[in-house]
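S.K.: For reference, the file work.csv (CSV, C-alpha atoms (C1' of nucleotides)) is included below:
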chain,number,residue,atom,x,y,z
A,1,MET,CA,164.7,168.6,110.2
A,2,LYS,CA,165.7,167.7,106.7
A,3,ARG,CA,169.2,169.2,106.6
A,4,ASP,CA,171.5,171.3,108.8
A,5,SER,CA,171.0,174.9,107.6
A,6,ARG,CA,173.1,176.6,110.2
A,7,LEU,CA,175.8,177.6,107.7
A,8,SER,CA,173.3,179.1,105.4
A,9,GLY,CA,171.7,180.9,108.3
A,10,VAL,CA,174.8,182.3,109.9
A,11,LEU,CA,176.1,183.6,106.6
A,12,HIS,CA,172.9,185.4,106.0
A,13,VAL,CA,173.2,187.0,109.4
A,14,LEU,CA,176.9,188.0,108.9
A,15,LEU,CA,176.1,189.7,105.6
A,16,HIS,CA,173.2,191.6,107.2
A,17,MET,CA,175.6,192.8,109.9
A,18,ALA,CA,178.0,193.9,107.1
A,19,GLU,CA,175.2,196.0,105.6
A,20,HIS,CA,174.3,197.5,109.0
A,21,GLU,CA,176.1,200.4,110.6
A,22,GLY,CA,176.9,199.7,114.2
A,23,PRO,CA,175.9,196.7,116.3
A,24,SER,CA,173.0,194.5,115.3
A,25,THR,CA,170.8,193.0,117.9
A,26,SER,CA,169.9,189.3,117.8
A,27,GLU,CA,166.4,190.5,117.7
A,28,SER,CA,166.8,192.4,114.5
A,29,LEU,CA,168.9,189.7,112.9
A,30,ALA,CA,166.3,187.1,113.8
A,31,HIS,CA,163.7,189.3,112.3
A,32,ALA,CA,165.6,189.4,109.0
A,33,MET,CA,166.0,185.6,109.1
A,34,GLN,CA,162.4,185.1,110.2
A,35,THR,CA,163.4,183.1,113.2
A,36,ASN,CA,164.1,183.4,116.9
A,37,PRO,CA,166.8,185.5,118.6
A,38,VAL,CA,168.0,182.5,120.5
A,39,VAL,CA,168.7,180.7,117.3
A,40,VAL,CA,170.9,183.6,116.2
A,41,ARG,CA,172.8,183.6,119.5
A,42,ARG,CA,173.3,179.9,119.2
A,43,ILE,CA,174.8,179.9,115.8
A,44,MET,CA,177.0,182.9,116.5
A,45,ALA,CA,178.5,181.5,119.7
A,46,GLY,CA,181.3,179.7,117.9
A,47,LEU,CA,182.2,182.8,115.8
A,48,ARG,CA,182.5,184.8,118.9
A,49,GLU,CA,184.8,182.3,120.6
A,50,ARG,CA,187.1,182.4,117.5
A,51,GLY,CA,187.2,186.2,117.4
A,52,PHE,CA,185.3,186.7,114.1
A,53,VAL,CA,182.5,188.7,115.8
A,54,ARG,CA,182.0,190.5,119.1
A,55,SER,CA,178.9,190.8,121.2
A,56,GLU,CA,178.0,193.5,123.8
A,57,LYS,CA,175.3,193.4,126.4
A,58,GLY,CA,173.0,196.3,127.4
A,59,HIS,CA,171.9,199.5,125.7
A,60,GLY,CA,173.5,199.9,122.3
A,61,GLY,CA,174.7,196.4,122.5
A,62,GLY,CA,174.5,193.6,119.9
A,63,TRP,CA,176.8,191.9,117.4
A,64,THR,CA,179.6,193.5,115.4
A,65,LEU,CA,182.1,192.0,112.9
A,66,ALA,CA,185.6,191.9,114.3
A,67,ARG,CA,187.4,191.3,111.0
A,68,ASP,CA,187.3,192.5,107.5
A,69,LEU,CA,185.0,190.6,105.1
A,70,GLU,CA,187.9,189.3,103.1
A,71,GLU,CA,189.5,187.8,106.2
A,72,ILE,CA,186.6,185.4,106.8
A,73,THR,CA,186.1,182.3,104.6
A,74,LEU,CA,183.1,180.0,104.5
A,75,ARG,CA,185.5,177.4,105.9
A,76,ASP,CA,186.2,179.6,108.9
A,77,VAL,CA,182.4,179.9,109.5
A,78,TYR,CA,181.8,176.2,108.9
A,79,GLU,CA,184.5,175.3,111.5
A,80,ALA,CA,183.1,177.9,113.9
A,81,LEU,CA,179.9,176.0,113.8
A,82,GLY,CA,181.8,173.0,115.1
A,83,SER,CA,182.5,171.3,111.7
A,84,PRO,CA,179.2,169.5,111.5
A,85,GLY,CA,179.1,166.3,109.3
A,86,LEU,CA,178.9,167.2,105.7
A,87,LEU,CA,177.6,164.0,104.3
A,88,ALA,CA,174.1,162.6,104.9
A,89,ILE,CA,175.3,159.1,104.0
A,90,GLY,CA,178.0,157.0,105.7
A,91,ASN,CA,179.2,153.6,106.6
A,92,ARG,CA,177.1,151.3,108.7
A,93,THR,CA,179.9,150.2,111.0
A,94,GLU,CA,183.2,151.9,111.6
A,95,SER,CA,185.4,148.9,112.2
A,96,PRO,CA,183.6,145.8,111.0
A,97,GLY,CA,185.1,142.4,111.5
A,98,CYS,CA,183.6,141.2,108.3
A,99,LEU,CA,186.1,141.5,105.4
A,100,VAL,CA,183.3,142.0,102.9
A,101,GLU,CA,182.1,145.0,104.8
A,102,GLN,CA,185.7,146.2,105.2
A,103,ALA,CA,186.1,146.3,101.4
A,104,VAL,CA,182.8,148.2,101.0
A,105,ASN,CA,183.7,150.6,103.7
A,106,ALA,CA,187.1,151.3,102.4
A,107,ALA,CA,185.7,152.2,98.9
A,108,LEU,CA,183.0,154.4,100.3
A,109,ALA,CA,185.3,156.1,102.9
A,110,ASP,CA,187.7,157.0,100.1
A,111,SER,CA,184.9,158.6,98.1
A,112,PHE,CA,183.5,160.4,101.1
A,113,GLN,CA,186.9,161.7,102.1
A,114,GLU,CA,187.5,163.0,98.6
A,115,VAL,CA,184.3,165.0,98.4
A,116,GLU,CA,184.6,166.4,101.9
A,117,ASN,CA,188.0,167.7,100.8
A,118,VAL,CA,186.6,169.2,97.7
A,119,LEU,CA,183.9,170.9,99.6
A,120,LEU,CA,186.2,172.3,102.3
A,121,ALA,CA,188.6,173.5,99.7
A,122,ARG,CA,185.8,175.4,98.0
A,123,PHE,CA,184.7,176.8,101.3
A,124,GLY,CA,188.2,177.9,101.9
A,125,GLY,CA,188.3,179.9,98.7
A,126,ILE,CA,185.1,181.8,99.3
A,127,THR,CA,185.2,184.8,101.6
A,128,LEU,CA,182.4,186.9,103.0
A,129,LYS,CA,183.7,189.6,100.6
A,130,THR,CA,182.8,187.3,97.7
A,131,LEU,CA,179.3,186.9,98.9
A,132,HIS,CA,179.0,190.6,99.8
A,133,ALA,CA,180.0,191.6,96.2
A,134,ASP,CA,177.5,189.1,94.8
A,135,PHE,CA,174.8,190.6,96.9
A,136,HIS,CA,175.6,194.1,95.7
A,137,ALA,CA,175.6,193.0,92.1
A,138,ARG,CA,172.2,191.5,92.6
A,139,PHE,CA,171.0,194.6,94.4
A,140,ALA,CA,172.2,196.9,91.6
A,141,ARG,CA,169.9,195.0,89.2
A,142,ILE,CA,166.8,195.7,91.2
A,143,PRO,CA,164.8,198.9,90.4
A,144,ARG,CA,165.2,201.5,93.2
A,145,ASN,CA,161.5,201.4,94.2
A,146,ASN,CA,161.6,197.7,94.8
A,147,ARG,CA,164.7,197.5,96.9
A,148,LYS,CA,163.2,197.7,100.3
A,149,ALA,CA,161.0,194.7,99.6
A,150,VAL,CA,163.9,192.4,98.7
A,151,ALA,CA,166.7,193.5,101.1
A,152,HIS,CA,165.5,194.3,104.6
A,153,GLU,CA,166.1,198.0,105.2
A,154,HIS,CA,168.8,198.6,102.6
B,1,MET,CA,170.1,157.8,113.5
B,2,LYS,CA,173.3,159.7,112.6
B,3,ARG,CA,173.7,159.0,108.9
B,4,ASP,CA,171.9,157.0,106.2
B,5,SER,CA,173.9,153.8,106.0
B,6,ARG,CA,171.7,152.0,103.5
B,7,LEU,CA,174.2,152.2,100.6
B,8,SER,CA,176.9,150.7,102.9
B,9,GLY,CA,174.4,148.0,104.0
B,10,VAL,CA,173.1,147.0,100.6
B,11,LEU,CA,176.6,146.8,99.1
B,12,HIS,CA,177.5,144.5,102.0
B,13,VAL,CA,174.5,142.3,101.2
B,14,LEU,CA,175.2,142.2,97.4
B,15,LEU,CA,178.8,141.1,97.9
B,16,HIS,CA,177.7,138.4,100.3
B,17,MET,CA,175.2,137.2,97.6
B,18,ALA,CA,178.1,137.1,95.1
B,19,GLU,CA,180.1,134.9,97.4
B,20,HIS,CA,177.1,132.6,98.0
B,21,GLU,CA,176.1,129.8,95.6
B,22,GLY,CA,172.4,129.8,94.9
B,23,PRO,CA,169.8,132.1,96.4
B,24,SER,CA,170.4,133.8,99.8
B,25,THR,CA,167.6,134.3,102.2
B,26,SER,CA,166.9,137.7,103.8
B,27,GLU,CA,167.4,135.8,107.1
B,28,SER,CA,170.9,134.7,106.3
B,29,LEU,CA,171.9,138.1,104.8
B,30,ALA,CA,170.4,139.8,107.9
B,31,HIS,CA,172.5,137.6,110.1
B,32,ALA,CA,175.7,138.5,108.2
B,33,MET,CA,174.7,142.2,108.6
B,34,GLN,CA,173.7,141.7,112.2
B,35,THR,CA,170.3,143.3,111.5
B,36,ASN,CA,166.7,142.3,110.8
B,37,PRO,CA,165.5,140.5,107.6
B,38,VAL,CA,162.9,143.2,107.1
B,39,VAL,CA,165.7,145.7,106.8
B,40,VAL,CA,167.3,143.6,104.1
B,41,ARG,CA,164.0,143.3,102.1
B,42,ARG,CA,163.5,147.0,102.4
B,43,ILE,CA,166.8,148.1,101.0
B,44,MET,CA,166.7,145.5,98.3
B,45,ALA,CA,163.2,146.4,97.0
B,46,GLY,CA,164.6,149.2,94.6
B,47,LEU,CA,167.2,146.9,93.2
B,48,ARG,CA,164.6,144.3,92.4
B,49,GLU,CA,162.4,146.8,90.7
B,50,ARG,CA,165.3,147.9,88.5
B,51,GLY,CA,166.3,144.3,87.6
B,52,PHE,CA,169.6,144.1,89.4
B,53,VAL,CA,168.4,141.2,91.6
B,54,ARG,CA,165.6,138.7,91.7
B,55,SER,CA,163.7,137.3,94.7
B,56,GLU,CA,161.8,134.1,94.9
B,57,LYS,CA,159.3,133.0,97.6
B,58,GLY,CA,158.9,129.6,99.2
B,59,HIS,CA,161.3,126.7,99.7
B,60,GLY,CA,164.7,127.2,98.1
B,61,GLY,CA,163.7,130.9,97.6
B,62,GLY,CA,165.7,134.0,98.4
B,63,TRP,CA,167.7,136.6,96.6
B,64,THR,CA,169.9,136.2,93.5
B,65,LEU,CA,172.0,138.6,91.4
B,66,ALA,CA,170.4,139.2,88.0
B,67,ARG,CA,173.5,140.8,86.4
B,68,ASP,CA,177.2,140.4,86.4
B,69,LEU,CA,179.2,142.2,89.1
B,70,GLU,CA,180.8,144.5,86.5
B,71,GLU,CA,177.5,145.6,85.2
B,72,ILE,CA,176.4,147.2,88.5
B,73,THR,CA,177.9,150.4,89.6
B,74,LEU,CA,177.7,152.0,93.1
B,75,ARG,CA,175.7,154.7,91.3
B,76,ASP,CA,173.1,152.2,90.1
B,77,VAL,CA,172.8,150.9,93.7
B,78,TYR,CA,172.6,154.4,95.1
B,79,GLU,CA,169.8,155.3,92.6
B,80,ALA,CA,168.0,152.1,93.3
B,81,LEU,CA,167.8,153.3,96.9
B,82,GLY,CA,165.8,156.3,95.7
B,83,SER,CA,168.8,158.7,95.3
B,84,PRO,CA,168.7,159.8,99.0
B,85,GLY,CA,170.2,163.2,99.8
B,86,LEU,CA,174.0,163.1,99.8
B,87,LEU,CA,174.7,166.2,101.9
B,88,ALA,CA,173.9,166.8,105.5
B,89,ILE,CA,173.9,170.5,105.1
B,90,GLY,CA,171.8,172.7,102.9
B,91,ASN,CA,170.1,176.1,102.4
B,92,ARG,CA,167.7,177.4,104.9
B,93,THR,CA,165.1,178.5,102.3
B,94,GLU,CA,164.8,177.4,98.7
B,95,SER,CA,163.6,180.6,97.2
B,96,PRO,CA,164.2,183.4,99.6
B,97,GLY,CA,162.9,186.9,98.9
B,98,CYS,CA,165.9,188.5,100.7
B,99,LEU,CA,168.7,189.3,98.2
B,100,VAL,CA,171.3,188.7,100.9
B,101,GLU,CA,170.0,185.2,101.4
B,102,GLN,CA,169.8,184.7,97.6
B,103,ALA,CA,173.5,185.5,97.3
B,104,VAL,CA,174.4,183.1,100.1
B,105,ASN,CA,172.3,180.4,98.7
B,106,ALA,CA,173.7,180.7,95.2
B,107,ALA,CA,177.2,180.3,96.4
B,108,LEU,CA,176.4,177.4,98.6
B,109,ALA,CA,174.2,175.7,96.0
B,110,ASP,CA,177.0,175.9,93.5
B,111,SER,CA,179.4,174.2,95.9
B,112,PHE,CA,176.8,171.6,96.9
B,113,GLN,CA,176.1,170.8,93.3
B,114,GLU,CA,179.7,170.4,92.5
B,115,VAL,CA,180.5,167.9,95.2
B,116,GLU,CA,177.4,165.9,94.5
B,117,ASN,CA,178.6,165.6,90.9
B,118,VAL,CA,182.0,164.6,92.1
B,119,LEU,CA,180.5,161.9,94.3
B,120,LEU,CA,178.1,160.5,91.8
B,121,ALA,CA,180.9,160.4,89.2
B,122,ARG,CA,183.0,158.4,91.6
B,123,PHE,CA,180.1,156.1,92.3
B,124,GLY,CA,179.6,155.6,88.6
B,125,GLY,CA,183.2,154.5,88.2
B,126,ILE,CA,183.1,151.8,90.9
B,127,THR,CA,181.4,148.5,90.1
B,128,LEU,CA,180.6,145.6,92.4
B,129,LYS,CA,183.4,143.8,90.6
B,130,THR,CA,185.8,146.4,92.0
B,131,LEU,CA,184.6,145.8,95.5
B,132,HIS,CA,184.6,142.0,95.0
B,133,ALA,CA,188.2,142.1,93.8
B,134,ASP,CA,189.2,144.2,96.8
B,135,PHE,CA,187.5,141.8,99.1
B,136,HIS,CA,189.4,138.8,97.6
B,137,ALA,CA,192.7,140.7,97.9
B,138,ARG,CA,191.9,141.3,101.6
B,139,PHE,CA,190.8,137.7,102.0
B,140,ALA,CA,194.1,136.3,100.5
B,141,ARG,CA,196.1,138.2,103.1
B,142,ILE,CA,194.4,136.4,106.0
B,143,PRO,CA,195.9,133.1,107.3
B,144,ARG,CA,193.7,130.2,106.4
B,145,ASN,CA,192.8,129.2,109.9
B,146,ASN,CA,191.4,132.7,110.6
B,147,ARG,CA,189.2,133.1,107.5
B,148,LYS,CA,186.0,131.8,109.0
B,149,ALA,CA,186.1,134.4,111.7
B,150,VAL,CA,186.4,137.4,109.4
B,151,ALA,CA,184.3,136.5,106.4
B,152,HIS,CA,181.1,134.7,107.3
B,153,GLU,CA,181.2,131.1,105.9
B,154,HIS,CA,183.8,131.8,103.2
C,1,DC,C1',167.8,201.0,139.7
C,2,DA,C1',165.1,200.1,135.5
C,3,DT,C1',165.9,198.7,131.0
C,4,DC,C1',168.1,196.5,127.4
C,5,DA,C1',170.6,192.8,125.3
C,6,DT,C1',173.3,188.7,125.6
C,7,DG,C1',174.1,183.7,127.5
C,8,DT,C1',172.2,179.5,128.3
C,9,DA,C1',169.5,175.6,130.0
C,10,DA,C1',165.5,173.0,129.1
C,11,DC,C1',161.8,171.5,126.7
C,12,DT,C1',158.9,170.6,122.3
C,13,DA,C1',158.4,169.8,117.2
C,14,DT,C1',160.1,167.8,113.2
C,15,DT,C1',162.1,164.5,110.0
C,16,DG,C1',164.0,160.4,108.4
C,17,DT,C1',166.6,155.9,109.2
C,18,DA,C1',166.8,151.6,111.8
C,19,DG,C1',164.7,148.0,114.1
C,20,DT,C1',160.7,145.2,115.3
C,21,DT,C1',156.2,142.9,115.2
C,22,DA,C1',152.4,141.2,112.7
C,23,DC,C1',150.3,139.4,109.0
C,24,DA,C1',149.2,138.5,104.0
C,25,DT,C1',150.9,136.2,99.7
C,26,DG,C1',152.6,132.6,97.2
C,27,DA,C1',155.7,128.5,96.2
C,28,DA,C1',157.6,124.1,97.2
C,29,DA,C1',157.7,120.0,100.0
C,30,DA,C1',155.4,116.4,102.7
D,1,DT,C1',145.9,119.3,100.3
D,2,DT,C1',148.1,120.9,104.1
D,3,DT,C1',152.3,122.4,106.1
D,4,DT,C1',156.3,125.0,105.8
D,5,DC,C1',159.2,128.4,104.1
D,6,DA,C1',160.3,132.8,102.3
D,7,DT,C1',159.2,137.2,100.5
D,8,DG,C1',156.1,141.8,100.7
D,9,DT,C1',154.4,145.4,103.4
D,10,DA,C1',152.1,148.1,106.8
D,11,DA,C1',152.5,149.9,111.3
D,12,DC,C1',154.7,151.0,115.2
D,13,DT,C1',158.8,152.2,118.4
D,14,DA,C1',163.6,154.0,119.1
D,15,DC,C1',166.8,157.4,118.1
D,16,DA,C1',169.5,161.4,116.7
D,17,DA,C1',170.1,166.1,115.5
D,18,DT,C1',168.5,170.7,114.2
D,19,DA,C1',165.0,174.3,114.8
D,20,DG,C1',162.1,176.8,117.6
D,21,DT,C1',160.4,178.5,122.0
D,22,DT,C1',160.2,179.7,127.0
D,23,DA,C1',162.3,181.0,131.1
D,24,DC,C1',165.6,183.1,133.6
D,25,DA,C1',170.4,184.6,134.9
D,26,DT,C1',174.1,188.0,133.8
D,27,DG,C1',175.9,192.3,132.9
D,28,DA,C1',176.1,197.1,130.7
D,29,DT,C1',173.9,201.6,129.9
D,30,DG,C1',171.1,205.4,130.7
Can the structure from this file be put into structure tokens for me?
M.R.:
Amino acid sequence: MKRDSRLSGVLHVLLHMAEHEGPSTSESLAHAMQTNPVVVRRIMAGLRERGFVRSEKGHGGGWTLARDLEEITLRDVYEALGSPGLLAIGNRTESPGCLVEQAVNAALADSFQEVENVLLARFGGITLKTLHADFHARFARIPRNNRKAVAHEH
Amino acid sequence: MKRDSRLSGVLHVLLHMAEHEGPSTSESLAHAMQTNPVVVRRIMAGLRERGFVRSEKGHGGGWTLARDLEEITLRDVYEALGSPGLLAIGNRTESPGCLVEQAVNAALADSFQEVENVLLARFGGITLKTLHADFHARFARIPRNNRKAVAHEH
DNA sequence: CATCATGTAACTATTGTAGTTACATGAAAA
DNA sequence: TTTTCATGTAACTACAATAGTTACATGATG
């Protein structure tokens, strides 16, 4: 696996839920994502625990949003995934005895910390509402007769 | 392997070379890094191609810096490694047909691009001289009788 | 009670670094 | 000229983490 794409995936799922009246099943969401229902359940588990979505079993069951779109930031979603590591590069050793390596690590760690803060700050400033509005802007630009092809069942 | 630590490793090696009079062998550098000589040669190959270091075979051979410390930035070193991906997270699909996913990807790609630029800018502003000076500042703080233990043969 | 849908464990596939072994190439010393 | 030293590389194993899949348990609805 090249990169962790769970954030991208779960956001896709959440926006599909926002477009869909009533509960969405893992099955239908997985179909929109072209993946497996178990993958959907897996990436949604953290969001459920934190109260952003609800899930119901049995007939008429499925996933529903438990909050308004403007109440959920990308940072909330990221943290619900368990705050996976953001950077693909890192220090070789955490607490090296070698002073040379300590100097290297200190410089790199500072830089890493800074960009992680930048990214988390950006995530904190983007809500699902932002993405939802962007989607609708894109949707409005598509000719009516093409819409089904580019946005599953909308 | 959790994260790519080649940048951390190669910087460690370069600073050890700066402290060492004459050529350093892959063997001795690997010993300082507590790894294998082949790993050292592998991460140094790109730097050699770009003229930042030289290598010589045979007796008295090994690695030498080909430029002053202030002429090599962390960005140079990073690029000599082949500019490996900086972020551990990314979009699920590059060019999705689904408009929902396009909106998600656009927002994430913007954020990703921004933090990559921030990190590369920082790397561009740090030279090996910076790290070298930091190492010597740390070194000066250590009591003389402990120095061998924390900074291989200095 | 049959069906539907989630919850989860367990296993495979994939991808890329790290580490190792083995051997070829070439330079300096004996 | 032969030995020794050191780099250059290919090839293989170990490892880690996500993605995808199968299998089955749990619980709610009709």
S.K.: Would you kindly report the residues of chain B within 7 Å of chain C, using all atoms listed in the file, as a list in words?
M.R.: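 Interface list for chain B against chain C: Met1, Asp4, Asn36, Lys57, Gly58 and His59 of chain B.
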S.K.: Please build the interface table for chain B against chain D with a cut-off of 12 Å, listing for each qualifying residue the nearest atom pair and the distance in Å to one decimal; count all atoms listed in the file, order rows by chain and increasing number, and write it as a tab-separated table.
M.R.:
residue	atom	partner	partner_atom	distance
B:Met1	CA	D:DA16	C1'	4.9
B:Lys2	CA	D:DA16	C1'	5.8
B:Arg3	CA	D:DA16	C1'	9.2
B:Asp4	CA	D:DA16	C1'	11.6
B:Pro23	CA	D:DA6	C1'	11.2
B:Ser24	CA	D:DA6	C1'	10.5
B:Thr25	CA	D:DA6	C1'	7.5
B:Ser26	CA	D:DA6	C1'	8.4
B:Glu27	CA	D:DA6	C1'	9.1
B:Ser28	CA	D:DA6	C1'	11.5
B:Pro37	CA	D:DT7	C1'	10.0
B:Val38	CA	D:DG8	C1'	9.4
B:Val39	CA	D:DT9	C1'	11.8
B:Val40	CA	D:DT7	C1'	10.9
B:Arg41	CA	D:DT7	C1'	7.9
B:Arg42	CA	D:DG8	C1'	9.2
B:Met44	CA	D:DT7	C1'	11.4
B:Ala45	CA	D:DG8	C1'	9.2
B:Arg54	CA	D:DT7	C1'	11.0
B:Ser55	CA	D:DT7	C1'	7.3
B:Glu56	CA	D:DT7	C1'	6.9
B:Lys57	CA	D:DA6	C1'	4.8
B:Gly58	CA	D:DA6	C1'	4.7
B:His59	CA	D:DC5	C1'	5.2
B:Gly60	CA	D:DC5	C1'	8.2
B:Gly61	CA	D:DA6	C1'	6.1
B:Gly62	CA	D:DA6	C1'	6.8
B:Trp63	CA	D:DT7	C1'	9.4
B:Ala88	CA	D:DA17	C1'	10.7
B:Ile89	CA	D:DT18	C1'	10.6
B:Gly90	CA	D:DT18	C1'	11.9
B:Arg92	CA	D:DA19	C1'	10.7
S.K.: Do me a favour and pick out the residues of chain A within 6 Å of chain B, using all atoms listed in the file, as a compact mmCIF listing (two decimals) with C-alpha atoms, keeping the file's coordinate frame.
M.R.:
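Ended up saving to result_8.txt:
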# COMPACT_ATOMS: atom_id res chain seq x y z
CA ARG A 3 169.20 169.20 106.60
CA ASP A 4 171.50 171.30 108.80
CA SER A 5 171.00 174.90 107.60
CA SER A 8 173.30 179.10 105.40
CA HIS A 12 172.90 185.40 106.00
CA LEU A 86 178.90 167.20 105.70
CA LEU A 87 177.60 164.00 104.30
CA ALA A 88 174.10 162.60 104.90
CA ILE A 89 175.30 159.10 104.00
CA GLY A 90 178.00 157.00 105.70
CA ASN A 91 179.20 153.60 106.60
CA ARG A 92 177.10 151.30 108.70
CA GLY A 97 185.10 142.40 111.50
CA CYS A 98 183.60 141.20 108.30
CA LEU A 99 186.10 141.50 105.40
CA VAL A 100 183.30 142.00 102.90
CA GLU A 101 182.10 145.00 104.80
CA ALA A 103 186.10 146.30 101.40
CA VAL A 115 184.30 165.00 98.40
CA ASP A 134 177.50 189.10 94.80
CA PHE A 135 174.80 190.60 96.90
CA VAL A 150 163.90 192.40 98.70
CA ALA A 151 166.70 193.50 101.10
S.K.: Record the distance separating CA of Leu81 in chain A and CA of Tyr78 in chain B, expressed in Å with one decimal.
M.R.: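 Interatomic distance, CA of Leu81 in chain A to CA of Tyr78 in chain B: 29.5 Å.
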S.K.: Hey, can you check how far CA of Thr127 in chain B sits from CA of Arg75 in chain B?
M.R.: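 Value for the CA of Thr127 in chain B-CA of Arg75 in chain B distance: 8.5 Å.
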S.K.: What gap, in Å, lies between CA of Gly51 in chain B and CA of Arg67 in chain B?
M.R.: 8.1 Å
S.K.: Need a file for range 7-13 of chain B from that block: all heavy atoms, written as a CSV table (one decimal), in the first residue's frame.
M.R.:
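Result file follows (selection05.csv):
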chain,number,residue,atom,x,y,z
B,7,LEU,N,16.6,10.0,5.2
B,7,LEU,CA,17.1,11.4,5.4
B,7,LEU,C,17.9,11.5,6.7
B,7,LEU,O,19.0,12.0,6.7
B,7,LEU,CB,16.0,12.4,5.3
B,7,LEU,CG,16.4,13.8,5.4
B,7,LEU,CD1,17.4,14.2,4.2
B,7,LEU,CD2,15.2,14.7,5.4
B,8,SER,N,17.2,11.1,7.7
B,8,SER,CA,17.9,11.1,9.1
B,8,SER,C,19.2,10.3,9.0
B,8,SER,O,20.2,10.8,9.5
B,8,SER,CB,16.9,10.4,10.1
B,8,SER,OG,17.5,10.1,11.3
B,9,GLY,N,19.2,9.2,8.4
B,9,GLY,CA,20.4,8.4,8.4
B,9,GLY,C,21.5,9.0,7.6
B,9,GLY,O,22.7,9.0,8.0
B,10,VAL,N,21.2,9.5,6.4
B,10,VAL,CA,22.3,10.1,5.5
B,10,VAL,C,22.8,11.4,6.1
B,10,VAL,O,24.0,11.6,6.0
B,10,VAL,CB,21.7,10.3,4.1
B,10,VAL,CG1,20.9,11.5,4.0
B,10,VAL,CG2,22.9,10.3,3.1
B,11,LEU,N,22.0,12.1,6.8
B,11,LEU,CA,22.5,13.4,7.5
B,11,LEU,C,23.5,13.0,8.6
B,11,LEU,O,24.5,13.6,8.7
B,11,LEU,CB,21.4,14.2,8.0
B,11,LEU,CG,20.5,14.8,7.0
B,11,LEU,CD1,19.2,15.5,7.6
B,11,LEU,CD2,21.2,15.9,6.2
B,12,HIS,N,23.1,12.0,9.3
B,12,HIS,CA,24.0,11.5,10.4
B,12,HIS,C,25.4,11.1,9.7
B,12,HIS,O,26.4,11.5,10.2
B,12,HIS,CB,23.4,10.2,11.0
B,12,HIS,CG,24.1,9.7,12.2
B,12,HIS,ND1,23.6,8.6,12.9
B,12,HIS,CD2,25.2,10.1,12.8
B,12,HIS,CE1,24.4,8.3,13.9
B,12,HIS,NE2,25.4,9.2,13.9
B,13,VAL,N,25.3,10.4,8.7
B,13,VAL,CA,26.6,10.0,8.0
B,13,VAL,C,27.4,11.2,7.5
B,13,VAL,O,28.6,11.2,7.7
B,13,VAL,CB,26.2,9.1,6.8
B,13,VAL,CG1,27.3,9.0,5.8
B,13,VAL,CG2,25.9,7.7,7.3
